[in-house]
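As structure tokens, the structure follows; a few thoughts come after it.
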Amino acid sequence: MTVEPSDETKGPDAIIRVRDLVVAFGPKTIMRGLDLDVRRGEVLGFVGGSGQGKSVLTRTILGLVQKRSGKIEVFGKDLDKVDMDERRALERRYGVMFQQGALFSGLTVKQNVQAPMREHLHLSQRLMDELALLKIELVGLPRDAADKFPSQLSGGMIKRAALARALALDPELVFLDEPTSGLDPIGAAEFDDLIQTLQRTLGLTVFMVTHDLDSLYAICDRIAALAEGKVIAEGTIQTMLSSQHSWVKAYFRGKRGRVLALTRDDRHTPATAGGL
Amino acid sequence: MHAKPGFAVERAGDETRLNLGGDWTLESGAEMERASDSLIGAAAGARAAVIDLANVERMDTGGAWLIDRARKILQNAGVDSQIANARTAQSTLLEAAHWRDFEPPKPPPSHPLSDMLADVGASVVGAWHDLLHGIGFLGESVVALLRALARPHLFRMTSLIYHLESFGLRSVPIILLINFLVGCIVAQQGIFQLRYFGAETFAVNMIGILILREMGVLLTSIMIAGRSGSAITAEIGSMKMREEIDALKVMGLSPMDVLVTPRLLALIVALPLLTFLADMAGIFGGLVVSWGYAGLSPDAFLDRLKTAIGFNTFMVGLIKAPFMALVIGLIGAMEGLAVQGSAESLGRQVTSSVVKSIFMVIVVDGLFAMFFAAIEY
């Protein structure tokens, strides 16, 4: 979310680089030599069948699941070679939005957004209040939601609050785990717009696990498809549509995908009016 | 890598130019906050101020917010202030994080005395509602128990056996241990004090009566309230949190029948059995200490015990046990069903369940003491 100086030209360098990743639980191998790049400033949509290990990959990159072998670099640093302090510094540079929100149920929305600030920064209470309210407004929540508890929020509001918390430390990279699941089509479209607006305004790199074909068409710069423990196809939506892999074909050219594929010419300039 | 946020002041007539430099990012934390505060001081009193961003290396929403806040405060102080030389990305950020009035609304005026009175009133009303709710719940569970008796084929036997094991069998070691220890302590203290009167052997009477009438059942109930009452609240409470209770209801199943009755019955069966074991362990503790500490042989101890206690002494303790179980089970289930959506609420209800059931166990014990005294049993 940091504005880089204009003289420093940033190419499409990889902010996350995964090489030859193997993850297994007991005898069950989930990732079989997976390679993946996430480039700076892009929105990468990550798709895959249920149970194929999309969440496992996210959790492995985040360090919540142990890998068996392979290499993961985040911000150019090999995660196996960083010490605790470096790791903490890296963790400050990304935000995570979990599928169910994972908001702390005992804290209000405002306190949830402030929780990472309180741990990592030494700010006055006034500034933390202001920044929390600013983030809450940026994600399109009404002001009075700030003092509510997660149990008092609707599903869509929980997603927005979780996004606000993911953005609390102004990260450069955000992980979104199925951000539009469980939202109605209007809410999902609004959320897509919100992610895109924030991505542009704050210069974010977004790693998004999703099942939502609309999101993939509307806001993803690139898509990576996971099957059989590997990335089987990677590229723009056109690449996906022309892929010959049977699973990718079924996913993008199946009954649900076909309508979108036909109308996609009308959608190549997605709406930018978001919650701002 | 990371440059401190700062600024240089340039004065030309009554116009002040503030040349910002360094990284205005949240990483700087308090430093950035101080820098933004001194921006205001530096330009105060000038006619106009220009905040120049040309040399700012990096900026995030935190920096943008602080810079725009300083600008707004200067503006309000009568200084005509502007932001200059923002790059496109910085302008976008400043647009997104522009200053807004986040003054919290004034809390309504409060009076400590009336607030306290209101709190007291609310607790009294709350206690009254608790009592009514408790009586209602008791009625509901009695109906559910009778329903189970009327249609035994619908009764959840597996669940009952499972809970008998977890509430009963698995509590046996700890119940035996604490009652044995308490038996030892009562015996030692009794012998020690009665020795002054040369009435050491009367310690046996005291051990027998105290353990059988009061200590056995009381200690067991308190232990079970802490061990099983809390488990009942936590289980039912987390089911409530995850809408599992609602799922049961829409399947046409009554949470009373499915969840509460088996637990309640398991407790009612388990607690008297545990009390019996507790009594035996307590008396055995007394016997061991009398033998070792006062030199009273086991035979003599048992002879003495036979004259000191009757069958009624034993029954007084045992009769109380099912009622204690009912109290613990009802409070545990009621508190579990009162859990709201948050983890904090679950914790609160579990605490409240244990505290209330231990309190009620002691109250019920007191009522029984009065009752038995009145009927001279």
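If you're wondering about the labels, chains in the structure tokens are A, B, ... by order shown, residues count from 1 in each chain, ligands from 1 in order shown.
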
Produce a table with one row for each residue of chain B that has an atom at most 6 Å from any atom of chain A, each row naming the nearest atom pair and its distance in Å at one decimal; use only C-alpha atoms; arrange rows by chain and rising residue number; format as a Markdown table.
| residue | atom | partner | partner_atom | distance |
| --- | --- | --- | --- | --- |
| B:Gly29 | CA | A:His122 | CA | 5.4 |
| B:Ala30 | CA | A:Leu123 | CA | 5.2 |
| B:Glu57 | CA | A:Pro5 | CA | 5.8 |
| B:Arg58 | CA | A:Val3 | CA | 5.3 |
| B:Met59 | CA | A:Val3 | CA | 5.5 |
| B:Asp60 | CA | A:Thr2 | CA | 5.1 |
| B:Thr92 | CA | A:Thr201 | CA | 5.8 |
| B:Gly341 | CA | A:Ser151 | CA | 5.3 |
| B:Ser342 | CA | A:Ser105 | CA | 4.9 |
| B:Ala343 | CA | A:Ser105 | CA | 5.9 |
| B:Glu344 | CA | A:Gly106 | CA | 5.3 |

Based on DSSP run over this structure's backbone, return all residues of stretch 90-230 of chain A in strand (DSSP E), as a PDB file with N, CA and C atoms, in the first residue's frame.
ATOM      1  N   TYR A  94       2.023  -7.926   4.981  1.00  0.00           N
ATOM      2  CA  TYR A  94       0.844  -8.471   4.332  1.00  0.00           C
ATOM      3  C   TYR A  94      -0.343  -8.581   5.275  1.00  0.00           C
ATOM      4  N   GLY A  95      -1.512  -8.510   4.673  1.00  0.00           N
ATOM      5  CA  GLY A  95      -2.740  -8.630   5.447  1.00  0.00           C
ATOM      6  C   GLY A  95      -3.506  -9.836   4.955  1.00  0.00           C
ATOM      7  N   VAL A  96      -4.258 -10.464   5.847  1.00  0.00           N
ATOM      8  CA  VAL A  96      -4.979 -11.674   5.473  1.00  0.00           C
ATOM      9  C   VAL A  96      -6.454 -11.516   5.820  1.00  0.00           C
ATOM     10  N   MET A  97      -7.285 -11.877   4.867  1.00  0.00           N
ATOM     11  CA  MET A  97      -8.712 -11.916   5.154  1.00  0.00           C
ATOM     12  C   MET A  97      -9.151 -13.360   5.062  1.00  0.00           C
ATOM     13  N   LEU A 173       0.638  -6.413   0.371  1.00  0.00           N
ATOM     14  CA  LEU A 173       0.092  -7.629  -0.203  1.00  0.00           C
ATOM     15  C   LEU A 173      -1.081  -8.076   0.659  1.00  0.00           C
ATOM     16  N   VAL A 174      -2.201  -8.398   0.027  1.00  0.00           N
ATOM     17  CA  VAL A 174      -3.299  -8.960   0.824  1.00  0.00           C
ATOM     18  C   VAL A 174      -3.717 -10.312   0.270  1.00  0.00           C
ATOM     19  N   PHE A 175      -3.983 -11.221   1.186  1.00  0.00           N
ATOM     20  CA  PHE A 175      -4.508 -12.539   0.846  1.00  0.00           C
ATOM     21  C   PHE A 175      -5.996 -12.512   1.131  1.00  0.00           C
ATOM     22  N   LEU A 176      -6.795 -12.856   0.142  1.00  0.00           N
ATOM     23  CA  LEU A 176      -8.235 -12.910   0.360  1.00  0.00           C
ATOM     24  C   LEU A 176      -8.689 -14.341   0.107  1.00  0.00           C
ATOM     25  N   ASP A 177      -9.287 -14.963   1.112  1.00  0.00           N
ATOM     26  CA  ASP A 177      -9.758 -16.337   0.946  1.00  0.00           C
ATOM     27  C   ASP A 177     -11.260 -16.302   0.680  1.00  0.00           C
ATOM     28  N   THR A 205      -1.061  -5.524  -3.935  1.00  0.00           N
ATOM     29  CA  THR A 205      -1.002  -6.770  -4.674  1.00  0.00           C
ATOM     30  C   THR A 205      -1.996  -7.695  -3.999  1.00  0.00           C
ATOM     31  N   VAL A 206      -2.840  -8.332  -4.804  1.00  0.00           N
ATOM     32  CA  VAL A 206      -3.903  -9.134  -4.212  1.00  0.00           C
ATOM     33  C   VAL A 206      -3.772 -10.583  -4.645  1.00  0.00           C
ATOM     34  N   PHE A 207      -3.745 -11.476  -3.666  1.00  0.00           N
ATOM     35  CA  PHE A 207      -3.762 -12.916  -3.921  1.00  0.00           C
ATOM     36  C   PHE A 207      -5.124 -13.390  -3.464  1.00  0.00           C
ATOM     37  N   MET A 208      -5.946 -13.804  -4.429  1.00  0.00           N
ATOM     38  CA  MET A 208      -7.335 -14.058  -4.095  1.00  0.00           C
ATOM     39  C   MET A 208      -7.717 -15.494  -4.430  1.00  0.00           C
ATOM     40  N   VAL A 209      -8.076 -16.267  -3.417  1.00  0.00           N
ATOM     41  CA  VAL A 209      -8.631 -17.595  -3.657  1.00  0.00           C
ATOM     42  C   VAL A 209     -10.113 -17.395  -3.892  1.00  0.00           C
ATOM     43  N   ARG A 222      -4.681 -11.805 -13.549  1.00  0.00           N
ATOM     44  CA  ARG A 222      -4.221 -13.118 -13.971  1.00  0.00           C
ATOM     45  C   ARG A 222      -4.914 -14.172 -13.145  1.00  0.00           C
ATOM     46  N   ILE A 223      -4.964 -15.372 -13.680  1.00  0.00           N
ATOM     47  CA  ILE A 223      -5.623 -16.469 -12.979  1.00  0.00           C
ATOM     48  C   ILE A 223      -4.665 -17.655 -12.960  1.00  0.00           C
ATOM     49  N   ALA A 224      -4.622 -18.347 -11.854  1.00  0.00           N
ATOM     50  CA  ALA A 224      -3.857 -19.587 -11.793  1.00  0.00           C
ATOM     51  C   ALA A 224      -4.819 -20.688 -11.388  1.00  0.00           C
ATOM     52  N   ALA A 225      -4.778 -21.791 -12.111  1.00  0.00           N
ATOM     53  CA  ALA A 225      -5.691 -22.900 -11.809  1.00  0.00           C
ATOM     54  C   ALA A 225      -4.904 -24.044 -11.185  1.00  0.00           C
ATOM     55  N   LEU A 226      -5.448 -24.582 -10.089  1.00  0.00           N
ATOM     56  CA  LEU A 226      -4.781 -25.650  -9.350  1.00  0.00           C
ATOM     57  C   LEU A 226      -5.518 -26.961  -9.557  1.00  0.00           C
ATOM     58  N   ALA A 227      -4.774 -27.982  -9.947  1.00  0.00           N
ATOM     59  CA  ALA A 227      -5.340 -29.331  -9.987  1.00  0.00           C
ATOM     60  C   ALA A 227      -4.195 -30.319  -9.887  1.00  0.00           C
ATOM     61  N   LYS A 230      -0.703 -29.182  -8.707  1.00  0.00           N
ATOM     62  CA  LYS A 230       0.157 -28.298  -9.486  1.00  0.00           C
ATOM     63  C   LYS A 230      -0.678 -27.179 -10.075  1.00  0.00           C
TER      64      LYS A 230
END

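Proximity to B:Ala308 was assessed for B:Leu138, B:Leu53, B:Leu113, B:Leu210 counting only C-alpha atoms; the smallest distance is recorded for B:Leu210.
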
request  = Using DSSP on the backbone coordinates, identify all residues within stretch 3-48 of chain B classified as helix (DSSP H, G or I); present the result as a PyMOL selection string.
outcome  = chain B and resi 26-28+30-43

Top pick for closest residue to B:Asn205, considering B:Ala35, B:Leu305, B:Ala300, B:Val125 and counting only C-alpha atoms = B:Leu305

Among the residues A:Glu119, A:Val23, A:Gly182, A:Ile237, the one that comes closest to A:Val56 [using only C-alpha atoms] =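 Of the candidates, the smallest distance to A:Val56 is held by A:Val23.
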
For atom CA of A:Ser242 and atom CA of A:Phe191, the interatomic separation in Å (one decimal) = 27.8 Å

request  = Give me the residues within 12 Å of B:Leu367 as a list in words, counting only C-alpha atoms and dropping any in the same chain fewer than 6 places off.
outcome  = Lys320, Phe323, Met324, Met360, Val361, Ala373 and Ala374 of chain B

Within 6 Å of stretch 19-22 of chain A using only C-alpha atoms, minus same-chain residues under 2 positions, as JSON, numbers by chain = {"A": [31, 32, 33, 34, 35, 68, 69, 70, 71]}

task = Using atom CA of B:Gly62 and atom CA of A:Ile16 as the two end points, give the distance in Å to one decimal.
result =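 Atom CA of A:Ile16 lies 25.0 Å from atom CA of B:Gly62.
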
message = I'd like the interatomic distance between atom CA of A:Gln244 and atom CA of A:Thr58, to a tenth of an Å.
response = 26.2 Å

request  = Find the residues around B:Ala187 up to 7 Å (only C-alpha atoms counted), leave out those fewer than 2 positions away in its own chain, and share them as a list in words.
outcome  =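 Surrounding residues, per the criterion: Gly183, Cys184, Ile185, Gln189, Gly190, Ile191, Ala203, Ile207, Gly286, Val289 and Ser290 of chain B.
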
Neighbour list for B:His163 as a ChimeraX atom specification, cut-off 10 Å, only C-alpha atoms, skip fewer than 5 positions in-chain = /B:157-158,168-170,228,232,262-267,270

Take the residues from that selection and write them out as a short mmCIF file (atom, residue, chain, number, x, y, z; two decimals), in the first residue's frame, keeping N, CA, C and O atoms.
data_model
loop_
_atom_site.label_atom_id
_atom_site.label_comp_id
_atom_site.auth_asym_id
_atom_site.auth_seq_id
_atom_site.Cartn_x
_atom_site.Cartn_y
_atom_site.Cartn_z
N MET B 157 -30.57 -43.79 24.89
CA MET B 157 -29.81 -44.61 25.81
C MET B 157 -28.31 -44.44 25.60
O MET B 157 -27.54 -44.32 26.56
N THR B 158 -27.88 -44.38 24.33
CA THR B 158 -26.45 -44.25 24.03
C THR B 158 -25.87 -43.00 24.67
O THR B 158 -24.81 -43.02 25.29
N GLY B 168 -19.54 -39.76 35.42
CA GLY B 168 -19.42 -40.67 36.56
C GLY B 168 -18.08 -41.36 36.63
O GLY B 168 -17.21 -41.02 37.45
N LEU B 169 -17.89 -42.30 35.74
CA LEU B 169 -16.71 -43.16 35.81
C LEU B 169 -15.40 -42.37 35.81
O LEU B 169 -14.50 -42.63 36.60
N ARG B 170 -15.35 -41.38 34.93
CA ARG B 170 -14.09 -40.64 34.81
C ARG B 170 -13.83 -39.69 35.98
O ARG B 170 -12.74 -39.14 36.12
N SER B 228 -18.29 -31.30 35.61
CA SER B 228 -19.29 -31.70 34.62
C SER B 228 -20.26 -30.56 34.29
O SER B 228 -20.70 -30.44 33.16
N ILE B 232 -21.10 -29.29 30.58
CA ILE B 232 -22.44 -29.22 30.00
C ILE B 232 -22.65 -27.84 29.39
O ILE B 232 -23.09 -27.70 28.25
N PRO B 262 -30.72 -36.48 28.67
CA PRO B 262 -29.69 -37.50 28.94
C PRO B 262 -28.63 -37.03 29.92
O PRO B 262 -28.20 -37.79 30.79
N ARG B 263 -28.24 -35.76 29.80
CA ARG B 263 -27.21 -35.24 30.71
C ARG B 263 -27.74 -35.17 32.13
O ARG B 263 -27.06 -35.53 33.09
N LEU B 264 -28.97 -34.67 32.24
CA LEU B 264 -29.58 -34.52 33.55
C LEU B 264 -29.73 -35.90 34.23
O LEU B 264 -29.36 -36.08 35.39
N LEU B 265 -30.24 -36.87 33.49
CA LEU B 265 -30.41 -38.22 34.05
C LEU B 265 -29.07 -38.83 34.41
O LEU B 265 -28.93 -39.46 35.46
N ALA B 266 -28.09 -38.63 33.55
CA ALA B 266 -26.77 -39.19 33.83
C ALA B 266 -26.23 -38.62 35.14
O ALA B 266 -25.69 -39.36 35.97
N LEU B 267 -26.41 -37.32 35.35
CA LEU B 267 -25.95 -36.71 36.59
C LEU B 267 -26.72 -37.26 37.79
O LEU B 267 -26.14 -37.56 38.83
N ALA B 270 -25.39 -40.64 38.44
CA ALA B 270 -23.96 -40.71 38.78
C ALA B 270 -23.66 -40.13 40.15
O ALA B 270 -22.83 -40.67 40.89
#
